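What follows is the content of target-v1.cif (mmCIF, C-alpha atoms).
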data_model
loop_
_atom_site.group_PDB
_atom_site.id
_atom_site.type_symbol
_atom_site.label_atom_id
_atom_site.label_comp_id
_atom_site.auth_asym_id
_atom_site.auth_seq_id
_atom_site.Cartn_x
_atom_site.Cartn_y
_atom_site.Cartn_z
ATOM 1 C CA MET H 1 66.379 18.000 123.785
ATOM 2 C CA ALA H 2 62.989 18.530 122.089
ATOM 3 C CA ARG H 3 63.321 22.266 122.606
ATOM 4 C CA ALA H 4 66.735 22.280 120.903
ATOM 5 C CA ARG H 5 65.269 20.463 117.886
ATOM 6 C CA LEU H 6 62.569 23.121 117.572
ATOM 7 C CA LEU H 7 64.893 26.040 118.153
ATOM 8 C CA LEU H 8 67.657 25.088 115.711
ATOM 9 C CA PRO H 9 65.528 25.244 112.511
ATOM 10 C CA SER H 10 64.165 28.634 113.618
ATOM 11 C CA LEU H 11 67.644 30.014 114.211
ATOM 12 C CA LEU H 12 68.932 28.705 110.894
ATOM 13 C CA ALA H 13 66.007 30.266 109.042
ATOM 14 C CA ALA H 14 66.521 33.594 110.816
ATOM 15 C CA CYS H 15 70.207 33.664 109.885
ATOM 16 C CA ALA H 16 69.733 32.789 106.214
ATOM 17 C CA ALA H 17 70.805 35.619 103.930
ATOM 18 C CA PRO H 18 68.210 36.908 101.475
ATOM 19 C CA PRO H 19 69.170 36.521 97.814
ATOM 20 C CA ALA H 20 71.131 39.461 96.441
ATOM 21 C CA ALA H 21 70.115 40.971 93.131
ATOM 22 C CA GLY H 22 72.193 39.922 90.157
ATOM 23 C CA GLY H 23 72.339 36.241 91.099
ATOM 24 C CA ALA H 24 74.681 36.480 94.099
ATOM 25 C CA THR H 25 73.028 34.790 97.064
ATOM 26 C CA MET H 26 75.820 34.341 99.599
ATOM 27 C CA PRO H 27 79.151 36.084 100.134
ATOM 28 C CA ASP H 28 81.894 34.139 98.373
ATOM 29 C CA TRP H 29 84.957 36.232 99.177
ATOM 30 C CA SER H 30 87.614 34.258 101.035
ATOM 31 C CA GLY H 31 90.033 37.042 101.933
ATOM 32 C CA PRO H 32 90.972 38.491 105.315
ATOM 33 C CA PRO H 33 88.209 39.358 107.826
ATOM 34 C CA LEU H 34 86.208 42.472 107.016
ATOM 35 C CA GLN H 35 84.494 44.453 109.777
ATOM 36 C CA VAL H 36 81.503 46.532 108.649
ATOM 37 C CA THR H 37 79.916 49.266 110.763
ATOM 38 C CA SER H 38 76.960 51.386 109.696
ATOM 39 C CA ARG H 39 77.620 55.012 110.658
ATOM 40 C CA THR H 40 74.960 57.351 112.077
ATOM 41 C CA ASP H 41 75.382 59.642 109.038
ATOM 42 C CA GLY H 42 74.407 56.779 106.672
ATOM 43 C CA GLY H 43 77.928 55.931 105.565
ATOM 44 C CA LEU H 44 79.910 52.792 106.261
ATOM 45 C CA GLU H 45 83.094 52.237 108.195
ATOM 46 C CA LEU H 46 85.080 49.232 106.971
ATOM 47 C CA VAL H 47 88.186 47.649 108.461
ATOM 48 C CA LEU H 48 90.051 44.921 106.599
ATOM 49 C CA LEU H 49 92.171 42.909 109.046
ATOM 50 C CA ALA H 50 95.205 42.093 106.902
ATOM 51 C CA PRO H 51 97.248 39.155 108.199
ATOM 52 C CA THR H 52 100.573 40.907 107.510
ATOM 53 C CA ALA H 53 102.005 44.306 106.665
ATOM 54 C CA GLY H 54 102.126 45.306 102.995
ATOM 55 C CA HIS H 55 98.424 44.991 102.157
ATOM 56 C CA THR H 56 96.379 47.900 100.759
ATOM 57 C CA PHE H 57 92.603 48.425 100.810
ATOM 58 C CA ALA H 58 90.822 51.115 98.786
ATOM 59 C CA LEU H 59 87.421 52.221 97.533
ATOM 60 C CA HIS H 60 87.329 51.733 93.756
ATOM 61 C CA ALA H 61 83.754 52.707 92.795
ATOM 62 C CA VAL H 62 80.136 52.851 93.960
ATOM 63 C CA THR H 63 77.359 52.021 91.515
ATOM 64 C CA ILE H 64 73.684 52.658 92.293
ATOM 65 C CA ALA H 65 70.976 50.674 90.491
ATOM 66 C CA ASP H 66 67.427 49.683 91.470
ATOM 67 C CA GLY H 67 67.816 51.018 95.034
ATOM 68 C CA CYS H 68 70.943 48.933 95.643
ATOM 69 C CA ALA H 69 74.477 50.258 96.127
ATOM 70 C CA ASP H 70 77.287 48.066 94.812
ATOM 71 C CA VAL H 71 80.527 49.115 96.505
ATOM 72 C CA ASP H 72 83.641 47.942 94.649
ATOM 73 C CA LEU H 73 86.728 47.651 96.833
ATOM 74 C CA ARG H 74 90.324 46.816 95.911
ATOM 75 C CA HIS H 75 92.539 44.705 98.127
ATOM 76 C CA ALA H 76 96.192 44.166 97.216
ATOM 77 C CA THR H 77 98.457 41.690 98.960
ATOM 78 C CA PRO H 78 102.233 42.116 99.205
ATOM 79 C CA GLY H 79 102.704 39.016 97.053
ATOM 80 C CA ASP H 80 105.997 37.203 97.631
ATOM 81 C CA VAL H 81 107.694 40.191 99.292
ATOM 82 C CA LEU H 82 109.018 39.686 102.834
ATOM 83 C CA VAL H 83 106.938 41.797 105.221
ATOM 84 C CA ALA H 84 106.359 42.071 108.960
ATOM 85 C CA GLN H 85 104.150 39.285 110.295
ATOM 86 C CA VAL H 86 101.714 41.475 112.183
ATOM 87 C CA VAL H 87 97.939 41.795 111.827
ATOM 88 C CA THR H 88 97.344 45.178 110.205
ATOM 89 C CA PRO H 89 93.920 46.870 110.375
ATOM 90 C CA LEU H 90 93.191 48.850 107.193
ATOM 91 C CA PRO H 91 90.316 51.311 107.809
ATOM 92 C CA LEU H 92 88.180 52.772 105.051
ATOM 93 C CA VAL H 93 85.098 55.006 105.084
ATOM 94 C CA VAL H 94 82.399 54.895 102.411
ATOM 95 C CA PRO H 95 80.690 58.312 102.596
ATOM 96 C CA ALA H 96 76.912 58.423 102.945
ATOM 97 C CA ALA H 97 76.649 60.653 99.864
ATOM 98 C CA GLN H 98 78.063 57.874 97.693
ATOM 99 C CA LEU H 99 75.521 55.356 99.015
ATOM 100 C CA ALA H 100 72.646 57.688 98.050
ATOM 101 C CA GLY H 101 70.349 56.484 100.848
ATOM 102 C CA CYS H 102 70.231 52.918 99.505
ATOM 103 C CA ARG H 103 68.797 50.377 101.910
ATOM 104 C CA ARG H 104 70.587 47.399 100.296
ATOM 105 C CA ILE H 105 74.368 47.588 100.050
ATOM 106 C CA ARG H 106 76.640 44.936 98.584
ATOM 107 C CA LEU H 107 80.378 45.027 99.194
ATOM 108 C CA TRP H 108 82.493 43.489 96.427
ATOM 109 C CA VAL H 109 86.246 42.928 96.831
ATOM 110 C CA ALA H 110 88.744 42.356 94.029
ATOM 111 C CA THR H 111 92.169 41.150 95.149
ATOM 112 C CA GLN H 112 95.486 41.572 93.355
ATOM 113 C CA HIS H 113 98.448 39.485 94.498
ATOM 114 C CA GLY H 114 101.617 41.568 94.589
ATOM 115 C CA ALA H 115 102.856 44.559 92.612
ATOM 116 C CA ASP H 116 103.566 42.427 89.528
ATOM 117 C CA ASP H 117 99.962 41.184 89.220
ATOM 118 C CA ARG H 118 98.690 43.168 86.212
ATOM 119 C CA ARG H 119 95.553 41.153 85.461
ATOM 120 C CA GLU H 120 92.111 42.596 86.166
ATOM 121 C CA PRO H 121 91.072 40.838 89.384
ATOM 122 C CA ALA H 122 87.694 39.131 89.601
ATOM 123 C CA ARG H 123 85.484 40.586 92.290
ATOM 124 C CA ALA H 124 83.809 38.493 94.958
ATOM 125 C CA LEU H 125 80.841 39.312 97.163
ATOM 126 C CA ALA H 126 82.140 39.990 100.672
ATOM 127 C CA PHE H 127 79.085 41.349 102.503
ATOM 128 C CA VAL H 128 75.397 42.186 102.000
ATOM 129 C CA LEU H 129 73.786 44.795 104.245
ATOM 130 C CA ASP H 130 70.022 45.291 104.350
ATOM 131 C CA ARG H 131 69.004 48.466 106.167
ATOM 132 C CA SER H 132 65.272 47.739 106.220
#

For the structure just supplied, provide its representation as C-alpha cells.
Amino acid sequence: MARARLLLPSLLAACAAPPAAGGATMPDWSGPPLQVTSRTDGGLELVLLAPTAGHTFALHAVTIADGCADVDLRHATPGDVLVAQVVTPLPLVVPAAQLAGCRRIRLWVATQHGADDRREPARALAFVLDRS
C-alpha cells in the first residue's frame, strides 16, 4: 500500500500536460474520439471516429508562430438528419510541409451542427503534441 501511495503522485505528475502557449492548458474539445499518429515524414495522420454517418472532417488552416503549429480542423455533424447509426472513421493527413518542422503542435477543432448551421463555430483545443 505504501508503494502505491508513492507511485500515484509520480504517475500523475508524469501525465500532466505542459501549458500550451496562448493560455490553453488542457484540451477542452468534447467531440468524437480523435486518433493522432505522428508519421515518419514529420506529418500527422488523424482519424476522427464519428459516431454516425453524415459527419465530415477537414483541414481548415495551419498557422505557424513562435515554433508552434496551430492546426485548425473543421468537423461538421449531420445535425437532425436521419443517418446510418454506424461508427465512421474519417481519416485526414496533415502534410509535414505544412507543419514546418515545429516541435509543438496544437490541434484545434471547430464543430458545425448540420447544414443549416451558418454561424462561425468556436474552436476548441483537441490535442497538444510535443515532439521534444

- Using only C-alpha atoms, find the one residue out of H:Asp80, H:Glu45, H:Glu120, H:Asp66 that sits nearest to Arg104 (chain H).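 Checking each of H:Asp80, H:Glu45, H:Glu120, H:Asp66 against Arg104 (chain H), counting only C-alpha atoms, the winner is H:Asp66.
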
- Task: Specify as a ChimeraX atom specification each residue included when the PyMOL selection byres ((chain H and resi 64) around 10) is applied to this file.
- Result: /H:62-63,65-71,98-102,105

- Query: Between CA of Ala50 (chain H) and CA of Gln112 (chain H), what is the distance, to one decimal in Å?
  - Reply: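 Atom-to-atom, CA of Ala50 (chain H) and CA of Gln112 (chain H) are spaced 13.6 Å apart.
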
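Separating CA of His55 (chain H) from CA of Ala124 (chain H) is a distance of 17.5 Å.
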
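Relative to CA of Arg123 (chain H), CA of Val93 (chain H) is found at 19.3 Å.
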
- Message: Using only C-alpha atoms and a cutoff of 10 Å, can you tell me which residues are near (81.3, 31.3, 101.3) in the file's coordinates, and write them out as a list of chain:residue names?
- Response: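 Within 10 Å of (81.3, 31.3, 101.3), the protein and nucleic acid residues are H:Thr25, H:Met26, H:Pro27, H:Asp28, H:Trp29, H:Ser30, H:Ala124, H:Leu125, H:Ala126.
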
Once the PyMOL selection byres ((chain H and resi 37-40) around 12) is applied to the coordinates I shared, what remains selected? I want it as a PDB file with C-alpha atoms, in the frame of the given file.
ATOM      1  CA  LEU H  34      86.208  42.472 107.016  1.00  0.00           C
ATOM      2  CA  GLN H  35      84.494  44.453 109.777  1.00  0.00           C
ATOM      3  CA  VAL H  36      81.503  46.532 108.649  1.00  0.00           C
ATOM      4  CA  ASP H  41      75.382  59.642 109.038  1.00  0.00           C
ATOM      5  CA  GLY H  42      74.407  56.779 106.672  1.00  0.00           C
ATOM      6  CA  GLY H  43      77.928  55.931 105.565  1.00  0.00           C
ATOM      7  CA  LEU H  44      79.910  52.792 106.261  1.00  0.00           C
ATOM      8  CA  GLU H  45      83.094  52.237 108.195  1.00  0.00           C
ATOM      9  CA  LEU H  46      85.080  49.232 106.971  1.00  0.00           C
ATOM     10  CA  VAL H  47      88.186  47.649 108.461  1.00  0.00           C
ATOM     11  CA  LEU H  48      90.051  44.921 106.599  1.00  0.00           C
ATOM     12  CA  PRO H  91      90.316  51.311 107.809  1.00  0.00           C
ATOM     13  CA  LEU H  92      88.180  52.772 105.051  1.00  0.00           C
ATOM     14  CA  VAL H  93      85.098  55.006 105.084  1.00  0.00           C
ATOM     15  CA  VAL H  94      82.399  54.895 102.411  1.00  0.00           C
ATOM     16  CA  PRO H  95      80.690  58.312 102.596  1.00  0.00           C
ATOM     17  CA  ALA H  96      76.912  58.423 102.945  1.00  0.00           C
ATOM     18  CA  LEU H  99      75.521  55.356  99.015  1.00  0.00           C
ATOM     19  CA  ARG H 103      68.797  50.377 101.910  1.00  0.00           C
ATOM     20  CA  ILE H 105      74.368  47.588 100.050  1.00  0.00           C
ATOM     21  CA  PHE H 127      79.085  41.349 102.503  1.00  0.00           C
ATOM     22  CA  LEU H 129      73.786  44.795 104.245  1.00  0.00           C
ATOM     23  CA  ASP H 130      70.022  45.291 104.350  1.00  0.00           C
ATOM     24  CA  ARG H 131      69.004  48.466 106.167  1.00  0.00           C
TER      25      ARG H 131
END

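Remark: for His113 (chain H), the closest of the candidate residues H:His60, H:Thr52, H:Thr77, H:Gly31 is H:Thr77 (distances computed over all atoms listed in the file).
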
- Select, from H:Pro32, H:Gly79, H:Ala58, H:Asp72, the residue with the minimum atom-to-atom distance to Asp117 (chain H), counting only C-alpha atoms. H:Gly79

Fix up region 92-117 of chain H with N, CA and C atoms, then write it as an mmCIF file, keeping the file's coordinate frame.
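Saved result, out20.cif, follows:
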data_model
loop_
_atom_site.group_PDB
_atom_site.id
_atom_site.type_symbol
_atom_site.label_atom_id
_atom_site.label_comp_id
_atom_site.auth_asym_id
_atom_site.auth_seq_id
_atom_site.Cartn_x
_atom_site.Cartn_y
_atom_site.Cartn_z
ATOM 1 N N LEU H 92 88.686 52.107 106.250
ATOM 2 C CA LEU H 92 88.180 52.772 105.051
ATOM 3 C C LEU H 92 86.766 53.265 105.341
ATOM 4 N N VAL H 93 86.447 54.465 104.912
ATOM 5 C CA VAL H 93 85.098 55.006 105.084
ATOM 6 C C VAL H 93 84.453 55.156 103.708
ATOM 7 N N VAL H 94 83.208 54.675 103.604
ATOM 8 C CA VAL H 94 82.399 54.895 102.411
ATOM 9 C C VAL H 94 81.410 55.987 102.790
ATOM 10 N N PRO H 95 81.563 57.193 102.218
ATOM 11 C CA PRO H 95 80.690 58.312 102.596
ATOM 12 C C PRO H 95 79.222 58.056 102.271
ATOM 13 N N ALA H 96 78.358 58.572 103.123
ATOM 14 C CA ALA H 96 76.912 58.423 102.945
ATOM 15 C C ALA H 96 76.450 58.955 101.591
ATOM 16 N N ALA H 97 77.047 60.049 101.144
ATOM 17 C CA ALA H 97 76.649 60.653 99.864
ATOM 18 C C ALA H 97 76.828 59.668 98.708
ATOM 19 N N GLN H 98 77.830 58.827 98.771
ATOM 20 C CA GLN H 98 78.063 57.874 97.693
ATOM 21 C C GLN H 98 77.077 56.707 97.731
ATOM 22 N N LEU H 99 76.494 56.445 98.889
ATOM 23 C CA LEU H 99 75.521 55.356 99.015
ATOM 24 C C LEU H 99 74.109 55.795 98.658
ATOM 25 N N ALA H 100 73.900 57.101 98.532
ATOM 26 C CA ALA H 100 72.646 57.688 98.050
ATOM 27 C C ALA H 100 71.403 57.180 98.780
ATOM 28 N N GLY H 101 71.505 56.907 100.070
ATOM 29 C CA GLY H 101 70.349 56.484 100.848
ATOM 30 C C GLY H 101 69.861 55.073 100.558
ATOM 31 N N CYS H 102 70.644 54.288 99.831
ATOM 32 C CA CYS H 102 70.231 52.918 99.505
ATOM 33 C C CYS H 102 70.077 52.077 100.763
ATOM 34 N N ARG H 103 69.053 51.269 100.775
ATOM 35 C CA ARG H 103 68.797 50.377 101.910
ATOM 36 C C ARG H 103 69.567 49.061 101.777
ATOM 37 N N ARG H 104 69.834 48.643 100.546
ATOM 38 C CA ARG H 104 70.587 47.399 100.296
ATOM 39 C C ARG H 104 71.964 47.781 99.754
ATOM 40 N N ILE H 105 72.994 47.268 100.431
ATOM 41 C CA ILE H 105 74.368 47.588 100.050
ATOM 42 C C ILE H 105 75.140 46.289 99.929
ATOM 43 N N ARG H 106 75.796 46.111 98.787
ATOM 44 C CA ARG H 106 76.640 44.936 98.584
ATOM 45 C C ARG H 106 78.089 45.390 98.473
ATOM 46 N N LEU H 107 78.951 44.729 99.226
ATOM 47 C CA LEU H 107 80.378 45.027 99.194
ATOM 48 C C LEU H 107 81.083 43.954 98.372
ATOM 49 N N TRP H 108 81.763 44.382 97.315
ATOM 50 C CA TRP H 108 82.493 43.489 96.427
ATOM 51 C C TRP H 108 83.982 43.782 96.582
ATOM 52 N N VAL H 109 84.805 42.742 96.686
ATOM 53 C CA VAL H 109 86.246 42.928 96.831
ATOM 54 C C VAL H 109 86.963 42.208 95.692
ATOM 55 N N ALA H 110 87.865 42.936 95.048
ATOM 56 C CA ALA H 110 88.744 42.356 94.029
ATOM 57 C C ALA H 110 90.156 42.389 94.596
ATOM 58 N N THR H 111 90.844 41.254 94.542
ATOM 59 C CA THR H 111 92.169 41.150 95.149
ATOM 60 C C THR H 111 93.244 40.942 94.095
ATOM 61 N N GLN H 112 94.294 41.748 94.188
ATOM 62 C CA GLN H 112 95.486 41.572 93.355
ATOM 63 C C GLN H 112 96.587 41.034 94.257
ATOM 64 N N HIS H 113 97.408 40.142 93.714
ATOM 65 C CA HIS H 113 98.448 39.485 94.498
ATOM 66 C C HIS H 113 99.828 39.997 94.108
ATOM 67 N N GLY H 114 100.283 41.017 94.818
ATOM 68 C CA GLY H 114 101.617 41.568 94.589
ATOM 69 C C GLY H 114 101.634 42.656 93.534
ATOM 70 N N ALA H 115 102.717 43.426 93.529
ATOM 71 C CA ALA H 115 102.856 44.559 92.612
ATOM 72 C C ALA H 115 102.968 44.124 91.154
ATOM 73 N N ASP H 116 103.391 42.905 90.905
ATOM 74 C CA ASP H 116 103.566 42.427 89.528
ATOM 75 C C ASP H 116 102.281 41.854 88.923
ATOM 76 N N ASP H 117 101.229 41.729 89.700
ATOM 77 C CA ASP H 117 99.962 41.184 89.220
ATOM 78 C C ASP H 117 99.237 42.258 88.414
#
